[in-house]
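**Q** Please find upload-v9.cif (mmCIF, C-alpha atoms) on the next line:
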```cif
data_run
#
loop_
_atom_site.label_atom_id
_atom_site.label_comp_id
_atom_site.auth_asym_id
_atom_site.auth_seq_id
_atom_site.Cartn_x
_atom_site.Cartn_y
_atom_site.Cartn_z
CA MET P 178 24.58 37.84 -121.59
CA VAL P 179 24.90 36.44 -118.08
CA THR P 180 22.03 37.41 -115.79
CA LEU P 181 20.88 36.43 -112.31
CA THR P 182 18.14 34.36 -113.94
CA SER P 183 20.62 32.35 -116.04
CA ALA P 184 22.85 31.88 -113.00
CA ASP P 185 19.83 30.75 -110.99
CA ASN P 186 18.93 28.20 -113.65
CA ALA P 187 22.52 26.94 -113.80
CA LEU P 188 22.59 26.26 -110.07
CA LYS P 189 19.27 24.41 -110.27
CA THR P 190 19.86 22.31 -113.38
CA LEU P 191 23.61 21.92 -113.78
CA TYR P 192 25.15 22.04 -110.33
CA LEU P 193 22.59 20.58 -107.91
CA GLY P 194 22.88 16.97 -109.11
CA VAL P 195 26.67 17.10 -109.13
CA VAL P 196 26.85 18.66 -105.68
CA ALA P 197 24.35 16.20 -104.18
CA ASP P 198 26.24 13.23 -105.62
CA GLN P 199 29.56 14.53 -104.29
CA LEU P 200 28.15 15.07 -100.79
CA ASN P 201 26.38 11.70 -100.72
CA THR P 202 29.14 9.45 -102.03
CA ALA P 203 32.48 11.26 -101.92
CA VAL P 204 32.61 12.68 -98.39
CA ASN P 205 34.42 9.63 -96.99
CA PRO P 206 34.26 5.81 -97.21
CA LEU P 207 32.09 5.57 -94.09
CA LEU P 208 29.24 7.70 -95.43
CA ALA P 209 29.38 5.80 -98.72
CA ARG P 210 28.46 2.64 -96.75
CA PHE P 211 25.39 4.12 -95.05
CA GLN P 212 21.97 3.89 -96.63
CA GLN P 213 20.17 7.23 -97.01
CA THR P 214 16.40 7.09 -96.67
CA SER P 215 13.34 9.29 -96.19
CA SER P 216 11.49 6.60 -94.21
CA ASP P 217 10.52 7.13 -90.55
CA VAL P 218 10.57 10.92 -90.97
CA TRP P 219 7.49 12.50 -89.42
CA GLY P 220 7.31 16.26 -89.68
CA LYS P 221 10.45 17.64 -88.06
CA GLU P 222 11.34 14.39 -86.29
CA ILE P 223 12.65 10.91 -86.95
CA ARG P 224 10.56 8.32 -85.12
CA LYS P 225 11.80 4.80 -85.66
CA LEU P 226 10.82 1.48 -84.09
CA ALA P 227 13.99 -0.45 -83.29
CA PRO P 228 13.72 -4.17 -82.46
CA PHE P 229 15.94 -5.65 -79.78
CA GLY P 230 16.40 -9.13 -78.38
CA ILE P 231 14.38 -11.93 -80.01
CA ASN P 232 10.80 -13.12 -80.36
CA GLY P 233 9.75 -15.03 -77.22
CA GLY P 234 7.11 -17.31 -78.73
CA ILE P 235 9.40 -20.33 -78.89
CA GLY P 236 9.37 -23.45 -76.73
CA ALA P 237 9.40 -27.23 -76.61
CA GLY P 238 6.58 -29.37 -75.27
CA THR P 239 4.81 -32.71 -75.20
CA GLU P 240 2.95 -34.31 -78.10
CA GLU P 241 -0.46 -33.35 -76.73
CA GLY P 242 0.51 -30.49 -74.43
CA GLU P 243 -0.11 -26.77 -74.74
CA LEU P 244 1.68 -24.77 -77.37
CA PRO P 245 4.18 -22.06 -76.32
CA SER P 246 2.67 -18.74 -75.35
CA SER P 247 3.10 -16.00 -77.90
CA ALA P 248 5.56 -13.22 -77.10
CA GLN P 249 6.03 -10.76 -79.90
CA ASN P 250 9.22 -8.92 -80.81
CA ASN P 251 10.58 -6.28 -78.46
CA TYR P 252 10.54 -2.75 -79.84
CA ALA P 253 11.74 0.61 -78.63
CA GLN P 254 11.08 3.93 -80.30
CA PHE P 255 14.01 6.11 -81.28
CA VAL P 256 13.24 9.83 -81.49
CA LEU P 257 15.52 12.46 -83.00
CA THR P 258 14.93 15.95 -84.31
CA LEU P 259 16.09 16.44 -87.89
CA LYS P 260 19.27 18.49 -87.99
CA ASN P 261 19.47 21.48 -90.33
CA LEU P 262 22.58 21.37 -92.53
CA TYR P 263 23.40 24.48 -94.55
CA GLY P 264 26.06 25.58 -97.03
CA THR P 265 26.15 29.09 -98.52
CA ILE P 266 27.94 30.60 -101.52
CA GLU P 267 28.38 34.34 -102.01
CA ILE P 268 28.97 36.39 -105.17
CA SER P 269 29.31 40.18 -105.26
CA ASP P 270 27.26 42.32 -107.60
CA LYS P 271 30.52 43.77 -108.93
CA ALA P 272 31.78 40.31 -109.95
CA ILE P 273 28.52 39.51 -111.71
CA ARG P 274 28.52 42.80 -113.66
CA ALA P 275 32.20 42.43 -114.56
CA SER P 276 31.49 39.09 -116.22
CA GLU P 277 27.99 39.68 -117.62
CA ASN P 278 29.34 39.91 -121.18
CA ASN P 279 31.79 37.03 -120.72
CA SER P 280 29.97 33.79 -119.99
CA GLY P 281 33.24 31.90 -119.64
CA ALA P 282 34.45 34.20 -116.88
CA PHE P 283 31.15 33.87 -115.03
CA VAL P 284 31.18 30.08 -115.32
CA ASN P 285 34.69 30.04 -113.84
CA LEU P 286 33.52 32.29 -111.01
CA LEU P 287 30.51 30.09 -110.29
CA GLU P 288 32.53 26.88 -110.48
CA ALA P 289 35.12 28.26 -108.06
CA GLU P 290 32.36 29.09 -105.56
CA MET P 291 30.77 25.68 -105.97
CA GLU P 292 34.07 23.86 -105.54
CA GLY P 293 34.67 25.84 -102.37
CA LEU P 294 31.20 24.96 -101.09
CA ILE P 295 31.69 21.26 -101.84
CA LYS P 296 35.08 21.22 -100.13
CA ALA P 297 33.76 22.93 -97.00
CA SER P 298 30.63 20.75 -96.91
CA LYS P 299 32.67 17.55 -97.28
CA PHE P 300 34.94 18.60 -94.44
CA ASN P 301 32.14 19.46 -92.03
CA PHE P 302 29.76 16.66 -93.01
CA GLY P 303 32.57 14.10 -92.70
CA ARG P 304 33.55 15.54 -89.33
CA MET P 305 29.97 15.32 -88.00
CA LEU P 306 29.81 11.56 -88.66
CA TYR P 307 32.27 11.02 -85.81
CA GLY P 308 30.88 13.68 -83.48
CA ASP P 309 28.36 13.43 -80.66
CA GLY P 310 25.98 16.10 -81.92
CA SER P 311 27.40 18.87 -79.74
CA GLY P 312 29.55 20.26 -82.55
CA LYS P 313 32.60 20.40 -80.29
CA LEU P 314 35.75 20.76 -82.39
CA CYS P 315 38.45 20.92 -79.71
CA THR P 316 39.04 22.07 -76.14
CA VAL P 317 41.12 25.10 -75.16
CA THR P 318 44.06 24.31 -72.89
CA SER P 319 45.44 27.87 -72.78
CA ALA P 320 44.80 31.24 -74.44
CA SER P 321 46.92 34.27 -75.26
CA GLY P 322 44.95 36.93 -77.07
CA ASN P 323 43.67 35.49 -80.33
CA VAL P 324 45.98 32.46 -80.18
CA LEU P 325 44.33 29.44 -78.56
CA THR P 326 46.24 26.30 -77.65
CA VAL P 327 43.90 23.31 -77.97
CA ASP P 328 43.93 19.59 -77.24
CA ALA P 329 43.56 18.50 -80.90
CA VAL P 330 43.50 20.12 -84.34
CA HIS P 331 42.15 17.35 -86.59
CA ASN P 332 38.66 18.94 -86.60
CA VAL P 333 39.74 22.48 -87.53
CA ILE P 334 41.04 24.06 -90.72
CA GLU P 335 41.90 27.53 -91.96
CA GLY P 336 38.83 29.47 -93.06
CA MET P 337 36.33 27.97 -90.61
CA VAL P 338 34.10 30.46 -88.80
CA VAL P 339 33.81 29.40 -85.16
CA ASP P 340 32.39 30.27 -81.76
CA VAL P 341 34.18 29.73 -78.46
CA ILE P 342 31.73 28.20 -75.98
CA GLY P 343 32.32 28.77 -72.27
CA ASN P 344 32.71 25.49 -70.42
CA SER P 345 30.85 26.77 -67.36
CA GLY P 346 27.82 28.52 -68.83
CA LYS P 347 27.78 26.63 -72.17
CA THR P 348 27.20 29.92 -73.99
CA PRO P 349 29.44 31.72 -76.53
CA VAL P 350 32.17 33.85 -74.97
CA VAL P 351 33.53 34.71 -78.43
CA SER P 352 31.34 34.55 -81.55
CA THR P 353 31.79 34.35 -85.31
CA ARG P 354 35.58 34.45 -85.54
CA ARG P 355 37.39 33.06 -88.57
CA ILE P 356 40.35 30.71 -88.15
CA VAL P 357 43.24 32.42 -89.95
CA ASP P 358 46.03 30.03 -88.97
CA VAL P 359 46.42 26.50 -87.60
CA ASP P 360 49.78 25.51 -86.08
CA ARG P 361 49.31 21.76 -86.22
CA GLU P 362 52.67 20.88 -84.67
CA ASN P 363 52.03 22.95 -81.55
CA LYS P 364 48.21 22.60 -81.63
CA ARG P 365 47.50 26.33 -81.80
CA VAL P 366 44.61 28.11 -83.52
CA THR P 367 44.68 31.81 -84.38
CA LEU P 368 41.37 33.66 -84.66
CA SER P 369 40.60 36.79 -86.66
CA GLY P 370 39.22 40.07 -85.36
CA ALA P 371 39.90 42.32 -82.40
CA THR P 372 42.24 41.05 -79.71
CA ILE P 373 40.43 38.81 -77.26
CA GLY P 374 40.72 40.22 -73.76
CA ALA P 375 42.58 38.36 -71.03
CA GLY P 376 40.35 35.97 -69.15
CA THR P 377 37.63 35.95 -71.81
CA VAL P 378 38.65 32.49 -73.02
CA THR P 379 39.81 30.10 -70.30
CA ASP P 380 40.97 26.51 -70.01
CA GLY P 381 38.15 24.07 -70.70
CA ASP P 382 36.27 26.31 -73.14
CA PHE P 383 35.77 24.73 -76.54
CA LEU P 384 35.32 25.63 -80.20
CA THR P 385 32.29 24.92 -82.39
CA VAL P 386 31.33 25.92 -85.91
CA GLN P 387 29.42 29.22 -85.83
CA GLY P 388 25.92 28.79 -84.38
CA SER P 389 26.18 25.00 -84.41
CA TYR P 390 26.47 24.11 -80.73
CA ASN P 391 24.24 21.07 -80.01
CA LYS P 392 22.80 21.22 -83.54
CA GLU P 393 24.95 18.74 -85.48
CA LEU P 394 24.44 15.13 -86.61
CA THR P 395 24.21 12.38 -83.99
CA GLY P 396 27.42 10.61 -85.00
CA LEU P 397 29.59 7.81 -83.61
CA GLY P 398 30.66 10.02 -80.72
CA ALA P 399 27.11 9.84 -79.35
CA ILE P 400 26.83 6.07 -79.78
CA PHE P 401 30.15 5.36 -78.05
CA GLY P 402 29.89 8.28 -75.62
CA SER P 403 29.06 8.23 -71.93
CA SER P 404 25.79 10.16 -71.99
CA ASP P 405 22.88 8.74 -69.99
CA THR P 406 20.54 8.78 -73.00
CA LEU P 407 20.68 7.88 -76.68
CA TYR P 408 17.90 8.58 -79.20
CA GLY P 409 15.65 9.63 -76.33
CA LEU P 410 16.08 6.37 -74.37
CA ASN P 411 17.84 5.77 -71.06
CA ARG P 412 20.92 3.58 -71.40
CA ALA P 413 20.72 2.19 -67.87
CA SER P 414 17.26 0.78 -68.59
CA ASN P 415 18.20 -0.39 -72.09
CA LYS P 416 21.55 -2.15 -71.93
CA TRP P 417 21.38 -2.98 -75.66
CA LEU P 418 22.07 0.71 -76.33
CA THR P 419 25.62 0.26 -75.00
CA PRO P 420 28.18 -0.86 -77.62
CA TYR P 421 31.31 -2.92 -77.06
CA LYS P 422 34.20 -0.75 -75.80
CA LYS P 423 37.72 -1.99 -75.11
CA THR P 424 41.00 -0.28 -74.22
CA ALA P 425 44.16 -1.82 -75.68
CA SER P 426 47.53 -0.13 -76.07
CA THR P 427 48.78 -2.65 -78.65
CA LEU P 428 46.66 -3.52 -81.68
CA THR P 429 46.79 -7.15 -82.86
CA ASP P 430 44.63 -9.47 -84.95
CA VAL P 431 43.50 -11.13 -81.72
CA THR P 432 42.30 -7.80 -80.30
CA ILE P 433 40.27 -7.10 -83.43
CA GLN P 434 38.92 -10.65 -83.65
CA ARG P 435 37.83 -10.60 -80.00
CA ALA P 436 35.70 -7.51 -80.72
CA ILE P 437 34.22 -9.08 -83.87
CA ASP P 438 33.45 -12.36 -82.05
CA THR P 439 31.77 -10.46 -79.20
CA LEU P 440 29.51 -8.61 -81.62
CA GLU P 441 28.45 -11.90 -83.24
CA GLU P 442 27.93 -13.71 -79.92
CA VAL P 443 26.09 -10.93 -78.07
CA ALA P 444 24.16 -9.18 -80.84
CA GLY P 445 24.29 -11.47 -83.87
CA SER P 446 26.01 -8.59 -85.63
CA VAL P 447 28.40 -9.21 -88.51
CA ALA P 448 31.12 -6.53 -88.77
CA ASP P 449 31.75 -5.36 -92.33
CA PHE P 450 33.69 -2.11 -91.92
CA ILE P 451 36.62 -0.94 -89.80
CA VAL P 452 37.65 2.72 -89.58
CA CYS P 453 40.45 4.18 -87.48
CA SER P 454 42.77 7.14 -87.14
CA GLY P 455 45.78 7.42 -89.45
CA GLY P 456 48.20 6.60 -86.63
CA VAL P 457 46.26 3.44 -85.73
CA LYS P 458 46.25 2.32 -89.37
CA ARG P 459 50.03 2.77 -89.52
CA ALA P 460 50.42 0.83 -86.27
CA TYR P 461 48.35 -2.02 -87.72
CA GLN P 462 50.41 -1.97 -90.93
CA ASP P 463 53.57 -2.23 -88.83
CA TYR P 464 52.05 -5.21 -87.06
CA LEU P 465 51.17 -6.87 -90.37
CA ILE P 466 54.63 -6.27 -91.83
CA THR P 467 56.20 -7.82 -88.74
CA ASN P 468 53.91 -10.85 -88.60
CA ARG P 469 52.93 -11.49 -92.25
CA THR P 470 54.49 -11.58 -95.68
CA ASN P 471 51.99 -9.32 -97.43
CA ILE P 472 49.21 -6.76 -96.86
CA ASP P 473 45.91 -7.30 -98.68
CA VAL P 474 44.42 -4.25 -100.43
CA MET P 475 40.80 -3.95 -101.60
CA ASN P 476 38.75 -1.44 -103.61
CA LEU P 477 35.68 0.18 -102.05
CA GLN P 478 32.61 1.96 -103.33
CA GLY P 479 33.38 5.54 -104.31
CA GLY P 480 36.86 4.75 -105.59
CA TYR P 481 38.45 4.33 -102.15
CA LYS P 482 41.14 1.77 -101.35
CA ALA P 483 41.66 -0.03 -98.06
CA ILE P 484 43.78 -2.67 -96.43
CA SER P 485 41.90 -5.77 -95.36
CA TYR P 486 41.34 -7.74 -92.16
CA ASN P 487 39.87 -11.13 -93.14
CA GLY P 488 37.98 -9.50 -95.99
CA ILE P 489 36.80 -6.53 -93.89
CA PRO P 490 38.08 -3.16 -95.16
CA VAL P 491 40.25 -1.16 -92.77
CA VAL P 492 40.34 2.55 -93.66
CA SER P 493 41.65 5.63 -91.91
CA ASP P 494 39.85 8.94 -91.50
CA ARG P 495 41.29 12.23 -90.27
CA PHE P 496 38.27 12.80 -88.01
CA VAL P 497 38.58 9.59 -85.98
CA PRO P 498 39.94 10.42 -82.49
CA ALA P 499 43.61 9.55 -81.97
CA GLY P 500 44.29 5.98 -80.84
CA THR P 501 40.80 4.79 -81.80
CA MET P 502 39.40 2.07 -84.06
CA TYR P 503 35.69 1.52 -84.79
CA ILE P 504 34.45 -1.92 -85.86
CA LEU P 505 31.00 -1.52 -87.40
CA ASN P 506 28.12 -3.30 -89.06
CA SER P 507 27.38 -0.58 -91.60
CA SER P 508 23.96 -2.04 -92.50
CA ASP P 509 22.73 -0.93 -89.05
CA PHE P 510 23.25 2.76 -89.93
CA HIS P 511 20.76 4.92 -91.82
CA LEU P 512 20.88 8.59 -92.64
CA HIS P 513 17.24 9.60 -92.36
CA GLN P 514 16.43 12.73 -94.36
CA LEU P 515 13.44 14.86 -95.17
CA CYS P 516 14.86 15.29 -98.67
CA ASP P 517 18.19 15.16 -100.47
CA TRP P 518 20.34 18.26 -100.84
CA ARG P 519 18.28 21.16 -102.20
CA TRP P 520 18.71 24.87 -102.82
CA LEU P 521 16.81 27.12 -100.42
CA GLU P 522 14.20 28.86 -102.58
CA GLY P 523 12.22 32.04 -102.00
CA ASP P 524 8.52 32.52 -102.65
CA ASP P 525 9.39 33.54 -106.21
CA GLY P 526 11.29 30.29 -106.81
CA ARG P 527 14.66 32.02 -106.96
CA ILE P 528 17.66 30.62 -105.14
CA ILE P 529 20.04 33.55 -105.64
CA LYS P 530 19.05 36.39 -103.33
CA GLN P 531 20.52 39.75 -102.45
CA VAL P 532 21.77 40.19 -98.91
CA ALA P 533 19.83 43.01 -97.27
CA ASN P 534 21.60 46.37 -97.60
CA LYS P 535 24.66 44.79 -99.27
CA PRO P 536 25.79 44.54 -102.93
CA VAL P 537 26.15 40.80 -102.52
CA TYR P 538 24.11 37.79 -103.66
CA THR P 539 23.95 34.43 -101.87
CA ALA P 540 22.56 30.94 -102.49
CA THR P 541 22.12 28.34 -99.76
CA LEU P 542 22.24 24.56 -100.00
CA VAL P 543 20.19 22.72 -97.37
CA LYS P 544 19.53 19.22 -96.09
CA TYR P 545 17.41 18.13 -93.11
CA ALA P 546 18.69 14.82 -91.76
CA ASP P 547 20.18 12.84 -88.89
CA LEU P 548 21.99 9.55 -88.40
CA ILE P 549 20.59 6.57 -86.50
CA CYS P 550 22.23 3.26 -85.63
CA ASP P 551 19.49 0.62 -85.32
CA ARG P 552 21.62 -1.67 -83.15
CA PRO P 553 24.21 0.12 -80.99
CA ILE P 554 25.12 -3.13 -79.20
CA GLY P 555 26.27 -4.49 -82.56
CA GLN P 556 29.12 -1.96 -82.88
CA ALA P 557 32.59 -1.92 -81.27
CA MET P 558 35.30 0.58 -80.39
CA ILE P 559 38.91 -0.10 -79.39
CA SER P 560 40.63 2.94 -77.87
CA GLY P 561 43.92 3.86 -76.22
CA ILE P 562 45.92 2.30 -79.07
CA THR P 563 49.53 3.45 -79.37
CA GLU P 564 49.85 5.13 -82.78
CA ALA P 565 52.73 4.80 -85.22
#
```
Take the structure in the file and write it out as structure tokens.
**A**
Amino acid sequence: MVTLTSADNALKTLYLGVVADQLNTAVNPLLARFQQTSSDVWGKEIRKLAPFGINGGIGAGTEEGELPSSAQNNYAQFVLTLKNLYGTIEISDKAIRASENNSGAFVNLLEAEMEGLIKASKFNFGRMLYGDGSGKLCTVTSASGNVLTVDAVHNVIEGMVVDVIGNSGKTPVVSTRRIVDVDRENKRVTLSGATIGAGTVTDGDFLTVQGSYNKELTGLGAIFGSSDTLYGLNRASNKWLTPYKKTASTLTDVTIQRAIDTLEEVAGSVADFIVCSGGVKRAYQDYLITNRTNIDVMNLQGGYKAISYNGIPVVSDRFVPAGTMYILNSSDFHLHQLCDWRWLEGDDGRIIKQVANKPVYTATLVKYADLICDRPIGQAMISGITEA
């Protein structure tokens, strides 16, 4: 007979390892390149010493003269608060009772919930890697009732529960609405619930995942963004926090090589991974077809395939902003975590809990982590590329 105890044990022993592996290696090729570590985590914060520049204790002198003065490495301390990442499944009491004498039916029910959780977690975790930590999904350009026209739809999908944040007060003007339809051709998002009153949502407001505003991972958007600070340090006083950024409408091998050469010359950084939007990848393939006889393809960790630029994989990702290519040294990135994915447990050790005053049971997957790039100056971005 299926009971809550047996279901609890199944989630702990059978599903946790599979889910953790999927979310650590199969989210996208970029995350598969990053090392995940529990080092430099202190309480609720990540505090990491990052070296920059070179050791200054070098010099030339005479045979009997004084030796060079010592000048140790330069260090700066990065400080980030661990972000709280959650994923919740929900099973009704009725569904559990209906399958309590049919273990196969219950397993199917549980597997369907877990597959849904993995799919949603992959989508949102992959999206966060390219965000700036704000959680901003898209910006509203016009609104008519529950139909919002936005500037981009690559970060949204049917089923997401979102808030609309007011651009002026930076507070929710509409909360906890589910996306019921995405018109990708016309860039329109339809929200569930009561009709939104005229003037409630205005141009410049933006969408975030429910309750997530300014609470998401510090992704590439923060590194290549225009904010005055990064990891608690002022960019103006620490020029090595500013990566290479170039605007180029046409993508060529020379454009890519110039970025790679600059990273090597300025930061001693060796690029080993290139990720771009789908339209940029197609534009580069068009360029290769026009100027070469073949396109090299390589296999990556996690079962991914990529085209190659001089042995460097070039992959596309739906969450990369349009017209953008990132050229990265993936060894500079670390996902610092308090622990790997775990189920949220109560005092009694149970992970399946009843929702107060409802005939529904939930279980929540949790991870406390954030992303740090040790050497921002060793990364590059080419933007404004005309897509194919």
**Q** Rank nothing, just name the residue among P:Gly445, P:Gly523, P:Gly402, P:Gly388 nearest to Asp309 (chain P), using only C-alpha atoms.
**A**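 Residue with the minimum atom-to-atom distance to Asp309 (chain P): P:Gly402.
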**Q** Excluding Val327 (chain P) and any residue of its chain fewer than 4 positions from it, enumerate the residues within 8 Å of it, using only C-alpha atoms, and give them as a count of residues only.
**A** 8
**Q** Counting only C-alpha atoms, which residue out of P:Tyr307, P:Tyr461, P:Ala329, P:Gln556 sits closest to Glu362 (chain P)?
**A**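 Of all the options, P:Ala329 lies closest to Glu362 (chain P).
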**Q** At what distance in Å, to one decimal, does CA of Ser311 (chain P) lie from CA of Gln387 (chain P)?
**A**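 Computed distance, CA of Gln387 (chain P) to CA of Ser311 (chain P), equals 12.2 Å.
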**Q** Translate the PyMOL selection byres ((chain P and resi 331-347) around 8), as applied to the file shown, into an explicit residue set as number ranges by chain.
**A** P: 304, 314-315, 329-330, 348-359, 378-379, 381-388, 495-496
**Q** Would you pick out the contacts of Ser507 (chain P) at 8 Å or less, using all atoms listed in the file, so that residues sharing its chain but fewer than 3 positions from it are not included, and give the list as an MDAnalysis selection string?
**A** chainID P and resid 210:211 448:450 510
**Q** Report, in Å to a single decimal, how far apart CA of Val204 (chain P) and CA of Asn363 (chain P) are.
**A**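 According to the coordinates, CA of Asn363 (chain P) and CA of Val204 (chain P) are separated by 27.7 Å.
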**Q** Can you tell me, as a PDB file with C-alpha atoms, in the coordinates of the input, what residues are no more than 10 Å from region 224-230 of chain P when counting only C-alpha atoms, ignoring any on the same chain fewer than 6 positions away?
**A**
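Saved as selection_24.pdb:
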```pdb
ATOM      1  CA  SER P 216      11.490   6.600 -94.210  1.00  0.00           C
ATOM      2  CA  ASP P 217      10.520   7.130 -90.550  1.00  0.00           C
ATOM      3  CA  VAL P 218      10.570  10.920 -90.970  1.00  0.00           C
ATOM      4  CA  ASN P 250       9.220  -8.920 -80.810  1.00  0.00           C
ATOM      5  CA  ASN P 251      10.580  -6.280 -78.460  1.00  0.00           C
ATOM      6  CA  TYR P 252      10.540  -2.750 -79.840  1.00  0.00           C
ATOM      7  CA  ALA P 253      11.740   0.610 -78.630  1.00  0.00           C
ATOM      8  CA  GLN P 254      11.080   3.930 -80.300  1.00  0.00           C
ATOM      9  CA  PHE P 255      14.010   6.110 -81.280  1.00  0.00           C
ATOM     10  CA  VAL P 256      13.240   9.830 -81.490  1.00  0.00           C
ATOM     11  CA  LEU P 257      15.520  12.460 -83.000  1.00  0.00           C
ATOM     12  CA  THR P 258      14.930  15.950 -84.310  1.00  0.00           C
ATOM     13  CA  TYR P 408      17.900   8.580 -79.200  1.00  0.00           C
ATOM     14  CA  ASN P 415      18.200  -0.390 -72.090  1.00  0.00           C
ATOM     15  CA  TRP P 417      21.380  -2.980 -75.660  1.00  0.00           C
ATOM     16  CA  LEU P 418      22.070   0.710 -76.330  1.00  0.00           C
ATOM     17  CA  VAL P 443      26.090 -10.930 -78.070  1.00  0.00           C
ATOM     18  CA  ALA P 444      24.160  -9.180 -80.840  1.00  0.00           C
ATOM     19  CA  GLY P 445      24.290 -11.470 -83.870  1.00  0.00           C
ATOM     20  CA  HIS P 513      17.240   9.600 -92.360  1.00  0.00           C
ATOM     21  CA  ILE P 549      20.590   6.570 -86.500  1.00  0.00           C
ATOM     22  CA  CYS P 550      22.230   3.260 -85.630  1.00  0.00           C
ATOM     23  CA  ASP P 551      19.490   0.620 -85.320  1.00  0.00           C
ATOM     24  CA  ARG P 552      21.620  -1.670 -83.150  1.00  0.00           C
ATOM     25  CA  ILE P 554      25.120  -3.130 -79.200  1.00  0.00           C
TER      26      ILE P 554
END
```
**Q** Between CA of Asp463 (chain P) and CA of Leu306 (chain P), what is the distance in Å, rounded to a tenth?
**A**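 Taking CA of Asp463 (chain P) as the start and CA of Leu306 (chain P) as the end point, the length is 27.5 Å.
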**Q** As a PyMOL selection string, please: the residues near Asn186 (chain P) (cut-off 10 Å, all atoms listed in the file, same-chain neighbours under 6 positions excluded).
**A** chain P and resi 180+192+527-529
**Q** Can you write out the residues you just picked, keeping C-alpha atoms, as a PDB file, in the coordinates of the input?
**A**
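Done, and the output landed in result-v6.pdb:
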```pdb
ATOM      1  CA  THR P 180      22.030  37.410-115.790  1.00  0.00           C
ATOM      2  CA  TYR P 192      25.150  22.040-110.330  1.00  0.00           C
ATOM      3  CA  ARG P 527      14.660  32.020-106.960  1.00  0.00           C
ATOM      4  CA  ILE P 528      17.660  30.620-105.140  1.00  0.00           C
ATOM      5  CA  ILE P 529      20.040  33.550-105.640  1.00  0.00           C
TER       6      ILE P 529
END
```
**Q** Exactly which residues make up the result of the PyMOL selection byres ((chain P and resi 476) around 12) on this file, given as a count of residues only?
**A** 18
**Q** When distances are computed from all atoms listed in the file, which of P:Thr563, P:Thr419, P:Thr377, P:Asn471 shows the smallest separation from Lys458 (chain P)?
**A**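 Of P:Thr563, P:Thr419, P:Thr377, P:Asn471, the one nearest Lys458 (chain P), counting all atoms listed in the file, is P:Thr563.
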**Q** Just the residues within 10 Å of Gly322 (chain P), please, counting all atoms listed in the file, with nothing from its chain fewer than 4 positions along; format it as a VMD selection string.
**A** chain P and resid 367 to 368 371 to 378
**Q** I'd like the residues picked by the PyMOL selection byres ((chain P and resi 430) around 10) written out as a PyMOL selection string, using the chain letters and numbers from the file.
**A** chain P and resi 428-429+431-435+461+464-465+486-487
**Q** Okay, now the selection with C-alpha atoms, as a PDB file, in the coordinates of the input?
**A**
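Wrote selection24.pdb, looks like this:
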```pdb
ATOM      1  CA  LEU P 428      46.660  -3.520 -81.680  1.00  0.00           C
ATOM      2  CA  THR P 429      46.790  -7.150 -82.860  1.00  0.00           C
ATOM      3  CA  VAL P 431      43.500 -11.130 -81.720  1.00  0.00           C
ATOM      4  CA  THR P 432      42.300  -7.800 -80.300  1.00  0.00           C
ATOM      5  CA  ILE P 433      40.270  -7.100 -83.430  1.00  0.00           C
ATOM      6  CA  GLN P 434      38.920 -10.650 -83.650  1.00  0.00           C
ATOM      7  CA  ARG P 435      37.830 -10.600 -80.000  1.00  0.00           C
ATOM      8  CA  TYR P 461      48.350  -2.020 -87.720  1.00  0.00           C
ATOM      9  CA  TYR P 464      52.050  -5.210 -87.060  1.00  0.00           C
ATOM     10  CA  LEU P 465      51.170  -6.870 -90.370  1.00  0.00           C
ATOM     11  CA  TYR P 486      41.340  -7.740 -92.160  1.00  0.00           C
ATOM     12  CA  ASN P 487      39.870 -11.130 -93.140  1.00  0.00           C
TER      13      ASN P 487
END
```
